[in-house]
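> Here it is, the structure, as structure tokens.
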Amino acid sequence: QVQLVESGGGLVQAGDSLSLSCAASENTMCIRAMGWYRQAPGKERELVATFTSSDRTVYADSVKGRFIISRDNAKHIVRLQMNNLKPEDTAVYYCNADLRPTGGQVPCITMLPEYWGQGTQVTVSS
């Protein structure tokens with residue numbers, strides 16, 4: 001399996017900045033895409049920003065121009081810099097590692113198609 005450990009998050013005021021970090025360990029060679037999702041109370045989990053399997057970056061329209069995703073490939077870390085935070089950014093943020101396509105590689109084909117971190121709370125007060 002893949003282990004994802006998130007750090008960062010907390011309570012900030014509107015307009016403030018915050019940084020999240022996600023470190024992957026175990027079977028990291030199986031990871032094809034890695035990024036961040038969030039889930040607000042009563043809402044479905046949604047994409048925030050991610051590096052795709054083709055090395056593109058994808059951002060949700062709601063965070064474009066405010067959030068920046070970056071990565072350290074050597075350390076298997078993905079970060080999310082969140083600037084000009086708004087109350088509507090309040091949510092639990094989850095790190096995601098997608099193992100597709102596996103290309104038939106062992107042990108990747110024996111594992112789940114994706115893994116999630118435990119989640120970290122971001123609260124933005126107005």
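How things are named: the first chain in the structure tokens is A, the next is B, and so on; residues count from 1 in each chain; ligands count from 1 in the order shown.
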What lies within 9 Å of Val58 (chain A) using only C-alpha atoms, ignoring chain neighbours under 4 positions off, as a list in words?

Leu47, Val48, Ala49, Thr50, Phe51 and Thr52 of chain A

> Counting only C-alpha atoms, give me one row per residue of region 23-67 of chain A with an atom at most 10 Å from an atom of region 103-123 of chain A, showing the shortest contact pair and its distance in Å to one decimal, sorted by chain then residue number, as CSV.


residue,atom,partner,partner_atom,distance
A:Ala23,CA,A:Gly117,CA,9.3
A:Ala24,CA,A:Gly117,CA,9.2
A:Asn27,CA,A:Cys108,CA,7.7
A:Thr28,CA,A:Cys108,CA,9.5
A:Met29,CA,A:Cys108,CA,8.3
A:Cys30,CA,A:Cys108,CA,5.4
A:Ile31,CA,A:Cys108,CA,8.5
A:Arg32,CA,A:Glu114,CA,9.7
A:Ala33,CA,A:Glu114,CA,9.3
A:Met34,CA,A:Glu114,CA,9.5
A:Gly35,CA,A:Trp116,CA,9.9
A:Trp36,CA,A:Trp116,CA,9.4
A:Tyr37,CA,A:Gly119,CA,9.3
A:Arg38,CA,A:Gly119,CA,8.5
A:Gln39,CA,A:Gly119,CA,9.4
A:Ala40,CA,A:Gln121,CA,9.7

> Work out how far CA of Asp61 (chain A) is from CA of Val5 (chain A), in Å to one decimal.

26.0 Å

> Under the rule that only C-alpha atoms are counted, which of A:Ser126, A:Val2, A:Cys22, A:Thr102 is the nearest residue to Arg71 (chain A)?

A:Cys22

> What's the 6 Å shell around Arg79 (chain A), counting only C-alpha atoms, without same-chain residues fewer than 4 positions away, as a PDB file with C-alpha atoms, in the first residue's frame?


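Final output, saved to around34.pdb:
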ATOM      1  CA  LEU A  20      -0.315  21.987   3.305  1.00  0.00           C
ATOM      2  CA  SER A  21       2.182  19.210   2.820  1.00  0.00           C
ATOM      3  CA  ILE A  69       0.617  22.984  -6.060  1.00  0.00           C
ATOM      4  CA  SER A  70       4.254  21.940  -6.040  1.00  0.00           C
ATOM      5  CA  ARG A  71       6.201  18.788  -5.509  1.00  0.00           C
TER       6      ARG A  71
END

> How would you write, as an MDAnalysis selection string, the set of residues in chain A that DSSP gives as strand (DSSP E or B)?

chainID A and resid 3:8 10:13 18:25 33:39 46:51 57:59 67:72 77:82 91:98 114:116 120:125

> From chain A, collect each residue whose DSSP state is helix (DSSP H, G or I) and return the set as a PyMOL selection string.

chain A and resi 28-30+61-63+87-89+108-110
